[in-house]
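Trainee: Mind looking over this structure? Questions follow.
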Amino acid sequence: MNIAIIPARGGSKRIPGKNIKAFAGKPLIAYSIEAAKNSGLFEQIWVSTDSEDVAEVAIRYGAKVPFLRPAELSDDFVGTGAVTKHAIKFSLSQGIQPDYCCCIYATAPFLQAYYLQDALQKLQSDKQKSFAFSCTSFAFPVQRALTMQGSGVAPMYPEFIAKRSQDLSEAFHDAGQFYWGTIEGFLSDKAMFSEHAIPVVLPRHLVQDIDTYEDWQRAELMYQAYMQKTNLITGNSHD
């Protein structure tokens, strides 16, 4: 069996109430719950939260909240790895023995069920790997990054600044949507971003961090454009 864990604590300093704030008409966390449900992969979809308000919204959209996360796992410095491990250990204590677990971020309105399915298939096909996670490419060569120095700028990597874009290696970053893993993998000390993981590359138009209000506005505009294009292709209309 497979279990989805959606970390969604109540506190957020930059965007208060971010996980349940209305995004394009419904709570942000609802998109992650619905993608997990639409994938058809999970016998259990759990939200790990310290907030009664988040729990209420999560349950309303079809997830379960079998526990409230303890305070020591709810501050700004606790990573999702520790939160996922806590949820897995809780499931084992309840006699629930999953084969695979997927940590899904609550701030992923572009998450598509297809990529959850594709990632699990790849992970199941490669018994040497412990994880599969979402990533995407940088839009600009990172080797030609600039840093601010006083009133001017300087190249971060001077040896690459004069190189043509096509002569530089493409770089990728974590897409911040999902992290599949075997139970053994999550409970071990193996690193996610290592030889133990399979990268699942997403198109850049389906990736947007949402950490600031500027991110939020950009994400809503991207989402509205994406949905408009999708509706034109499928012939659906909300008029």
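By convention here, the chains of the structure tokens are called A, B, ... in the order presented, each chain's residues are numbered starting at 1, and ligands are numbered starting at 1 in the order presented.
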Give me the residues near Ser134 in chain A as a ChimeraX atom specification, where near means some atom within 7 Å (using only C-alpha atoms) and where sequence neighbours in that chain fewer than 6 positions away do not count.
Mentor: /A:174-179,199-202
Trainee: Pull N, CA, C and O atoms from the residues just selected and write them as a compact mmCIF listing (two decimals), in the first residue's frame.
Mentor:
# COMPACT_ATOMS: atom_id res chain seq x y z
N ASP A 174 15.19 21.54 -7.36
CA ASP A 174 14.04 20.89 -6.75
C ASP A 174 12.78 21.68 -7.10
O ASP A 174 12.74 22.89 -6.94
N ALA A 175 11.76 20.98 -7.57
CA ALA A 175 10.51 21.65 -7.94
C ALA A 175 9.58 21.87 -6.76
O ALA A 175 8.58 22.56 -6.88
N GLY A 176 9.89 21.25 -5.62
CA GLY A 176 9.09 21.48 -4.42
C GLY A 176 7.66 21.00 -4.52
O GLY A 176 6.74 21.66 -4.02
N GLN A 177 7.45 19.85 -5.18
CA GLN A 177 6.09 19.31 -5.29
C GLN A 177 5.92 17.99 -4.57
O GLN A 177 5.02 17.85 -3.74
N PHE A 178 6.76 17.00 -4.89
CA PHE A 178 6.59 15.69 -4.25
C PHE A 178 7.92 14.95 -4.12
O PHE A 178 8.86 15.21 -4.87
N TYR A 179 7.92 14.02 -3.14
CA TYR A 179 9.11 13.21 -2.85
C TYR A 179 8.64 11.79 -2.52
O TYR A 179 8.18 11.54 -1.41
N PRO A 199 15.44 11.63 -10.46
CA PRO A 199 14.82 12.93 -10.73
C PRO A 199 13.71 12.81 -11.77
O PRO A 199 13.89 12.16 -12.81
N VAL A 200 12.57 13.38 -11.48
CA VAL A 200 11.44 13.40 -12.43
C VAL A 200 11.28 14.84 -12.88
O VAL A 200 10.88 15.71 -12.10
N VAL A 201 11.62 15.09 -14.13
CA VAL A 201 11.71 16.47 -14.64
C VAL A 201 10.32 16.97 -15.05
O VAL A 201 9.64 16.36 -15.88
N LEU A 202 9.92 18.12 -14.48
CA LEU A 202 8.65 18.76 -14.82
C LEU A 202 8.91 19.95 -15.75
O LEU A 202 9.97 20.58 -15.66
Trainee: Could you name the residues that touch range 75-80 of chain A at 9 Å or less, counting only C-alpha atoms, but leaving out those on the same chain fewer than 5 positions away, as a ChimeraX atom specification?
Mentor: /A:7,9,11-12,85,103,105
Trainee: Compile the contact shell of Gly81 in chain A as a PyMOL selection string: residues with an atom at most 12 Å away, counting only C-alpha atoms, same-chain residues fewer than 6 positions apart removed.
Mentor: chain A and resi 5-7+73+87-88+101-105+178-181+185-192
Trainee: May I ask which of the residues A:Leu41, A:Cys135, A:Leu168, A:Leu221 is the closest one to Gln121 in chain A, counting only C-alpha atoms?
Mentor: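 Ranking A:Leu41, A:Cys135, A:Leu168, A:Leu221 by distance to Gln121 in chain A, first place goes to A:Leu41.
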Trainee: For Pro141 in chain A, please output as a list in words all residues within 9 Å (counting only C-alpha atoms; exclusion window: fewer than 4 positions along the same chain).
Mentor: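 Contacts, in chain order: Ala145, Ser165, Leu168, Ser169, Glu170 and Ala171 of chain A.
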Trainee: Only N, CA and C atoms, please: the residues just picked out, written as a JSON list (two decimals), in the first residue's frame.
Mentor:
[["chain", "number", "residue", "atom", "x", "y", "z"],
["A", 145, "ALA", "N", 25.51, 33.45, -13.22],
["A", 145, "ALA", "CA", 24.86, 34.24, -12.17],
["A", 145, "ALA", "C", 25.73, 35.41, -11.75],
["A", 165, "SER", "N", 25.65, 30.38, -23.82],
["A", 165, "SER", "CA", 24.68, 29.57, -23.08],
["A", 165, "SER", "C", 24.69, 28.12, -23.54],
["A", 168, "LEU", "N", 27.23, 25.67, -21.96],
["A", 168, "LEU", "CA", 27.17, 25.40, -20.52],
["A", 168, "LEU", "C", 26.19, 24.26, -20.24],
["A", 169, "SER", "N", 26.49, 23.49, -19.22],
["A", 169, "SER", "CA", 25.63, 22.36, -18.85],
["A", 169, "SER", "C", 24.31, 22.86, -18.27],
["A", 170, "GLU", "N", 23.22, 22.22, -18.67],
["A", 170, "GLU", "CA", 21.91, 22.58, -18.12],
["A", 170, "GLU", "C", 21.87, 22.22, -16.64],
["A", 171, "ALA", "N", 21.28, 23.10, -15.86],
["A", 171, "ALA", "CA", 21.18, 22.88, -14.41],
["A", 171, "ALA", "C", 19.73, 22.73, -14.00]]
Trainee: Taking the chain letters and numbering used in this document, name the residues of range 65-141 of chain A that DSSP puts in helix (DSSP H, G or I), as a CSV table (one decimal) with N, CA, C and O atoms, in the first residue's frame.
Mentor:
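Below you can see part-v9.csv, which holds the result:
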chain,number,residue,atom,x,y,z
A,71,ALA,N,4.7,20.0,19.0
A,71,ALA,CA,5.3,21.3,18.9
A,71,ALA,C,6.7,21.3,18.4
A,71,ALA,O,7.2,22.1,17.7
A,72,GLU,N,7.4,20.2,18.8
A,72,GLU,CA,8.9,20.1,18.5
A,72,GLU,C,9.1,19.9,17.0
A,72,GLU,O,10.2,20.0,16.5
A,73,LEU,N,8.0,19.5,16.3
A,73,LEU,CA,8.1,19.3,14.8
A,73,LEU,C,7.3,20.4,14.1
A,73,LEU,O,7.0,20.2,12.9
A,80,THR,N,11.0,18.8,6.2
A,80,THR,CA,9.9,17.9,5.9
A,80,THR,C,10.3,16.4,6.0
A,80,THR,O,9.5,15.6,6.2
A,81,GLY,N,11.6,16.2,6.0
A,81,GLY,CA,12.1,14.8,6.2
A,81,GLY,C,11.7,14.3,7.6
A,81,GLY,O,11.2,13.2,7.7
A,82,ALA,N,11.9,15.2,8.6
A,82,ALA,CA,11.6,14.8,10.0
A,82,ALA,C,10.1,14.6,10.1
A,82,ALA,O,9.6,13.7,10.8
A,83,VAL,N,9.3,15.5,9.5
A,83,VAL,CA,7.9,15.4,9.5
A,83,VAL,C,7.4,14.1,8.9
A,83,VAL,O,6.5,13.4,9.4
A,84,THR,N,8.0,13.8,7.7
A,84,THR,CA,7.6,12.5,7.0
A,84,THR,C,7.9,11.3,7.9
A,84,THR,O,7.1,10.4,8.0
A,85,LYS,N,9.1,11.3,8.4
A,85,LYS,CA,9.5,10.2,9.3
A,85,LYS,C,8.5,10.0,10.5
A,85,LYS,O,8.1,8.9,10.8
A,86,HIS,N,8.1,11.1,11.1
A,86,HIS,CA,7.2,11.1,12.2
A,86,HIS,C,5.9,10.4,11.8
A,86,HIS,O,5.3,9.6,12.5
A,87,ALA,N,5.4,10.8,10.6
A,87,ALA,CA,4.1,10.3,10.1
A,87,ALA,C,4.2,8.8,9.8
A,87,ALA,O,3.3,8.0,10.1
A,88,ILE,N,5.4,8.4,9.2
A,88,ILE,CA,5.6,7.0,8.9
A,88,ILE,C,5.6,6.1,10.2
A,88,ILE,O,5.0,5.1,10.3
A,89,LYS,N,6.4,6.6,11.2
A,89,LYS,CA,6.5,5.9,12.4
A,89,LYS,C,5.1,5.8,13.1
A,89,LYS,O,4.8,4.8,13.7
A,90,PHE,N,4.3,6.9,13.0
A,90,PHE,CA,2.9,6.8,13.5
A,90,PHE,C,2.1,5.7,12.8
A,90,PHE,O,1.4,4.9,13.5
A,91,SER,N,2.2,5.7,11.5
A,91,SER,CA,1.5,4.7,10.8
A,91,SER,C,1.9,3.3,11.2
A,91,SER,O,1.0,2.4,11.3
A,92,LEU,N,3.2,3.0,11.4
A,92,LEU,CA,3.6,1.7,11.8
A,92,LEU,C,3.1,1.4,13.2
A,92,LEU,O,2.8,0.2,13.4
A,93,SER,N,3.0,2.4,14.0
A,93,SER,CA,2.5,2.1,15.4
A,93,SER,C,1.1,1.8,15.4
A,93,SER,O,0.6,1.2,16.4
A,113,ALA,N,-1.5,14.7,-11.3
A,113,ALA,CA,-1.5,13.2,-10.9
A,113,ALA,C,-0.6,12.4,-11.8
A,113,ALA,O,0.0,11.4,-11.3
A,114,TYR,N,-0.5,12.8,-13.0
A,114,TYR,CA,0.4,12.0,-14.0
A,114,TYR,C,1.8,11.9,-13.5
A,114,TYR,O,2.4,10.8,-13.6
A,115,TYR,N,2.3,13.0,-13.0
A,115,TYR,CA,3.7,13.0,-12.5
A,115,TYR,C,3.9,12.2,-11.2
A,115,TYR,O,5.0,11.5,-11.0
A,116,LEU,N,2.9,12.1,-10.4
A,116,LEU,CA,2.9,11.2,-9.2
A,116,LEU,C,3.0,9.8,-9.7
A,116,LEU,O,3.7,9.0,-9.2
A,117,GLN,N,2.2,9.5,-10.7
A,117,GLN,CA,2.1,8.1,-11.2
A,117,GLN,C,3.4,7.7,-11.9
A,117,GLN,O,4.0,6.6,-11.7
A,118,ASP,N,3.9,8.6,-12.7
A,118,ASP,CA,5.2,8.4,-13.4
A,118,ASP,C,6.3,8.2,-12.5
A,118,ASP,O,7.2,7.3,-12.6
A,119,ALA,N,6.4,9.0,-11.4
A,119,ALA,CA,7.5,8.9,-10.5
A,119,ALA,C,7.5,7.5,-9.7
A,119,ALA,O,8.5,6.9,-9.5
A,120,LEU,N,6.3,7.1,-9.3
A,120,LEU,CA,6.2,5.8,-8.6
A,120,LEU,C,6.6,4.7,-9.5
A,120,LEU,O,7.3,3.8,-9.1
A,121,GLN,N,6.1,4.7,-10.8
A,121,GLN,CA,6.5,3.7,-11.7
A,121,GLN,C,8.0,3.6,-11.9
A,121,GLN,O,8.5,2.5,-11.9
A,122,LYS,N,8.6,4.7,-12.0
A,122,LYS,CA,10.1,4.7,-12.1
A,122,LYS,C,10.8,4.2,-10.9
A,122,LYS,O,11.8,3.4,-11.0
A,123,LEU,N,10.3,4.5,-9.7
A,123,LEU,CA,10.9,4.1,-8.5
A,123,LEU,C,10.7,2.6,-8.3
A,123,LEU,O,11.6,1.8,-7.9
A,124,GLN,N,9.5,2.1,-8.6
A,124,GLN,CA,9.2,0.6,-8.5
A,124,GLN,C,10.0,-0.2,-9.5
A,124,GLN,O,10.3,-1.3,-9.3
A,125,SER,N,10.4,0.5,-10.6
A,125,SER,CA,11.2,-0.3,-11.7
A,125,SER,C,12.7,-0.3,-11.4
A,125,SER,O,13.4,-1.1,-12.0
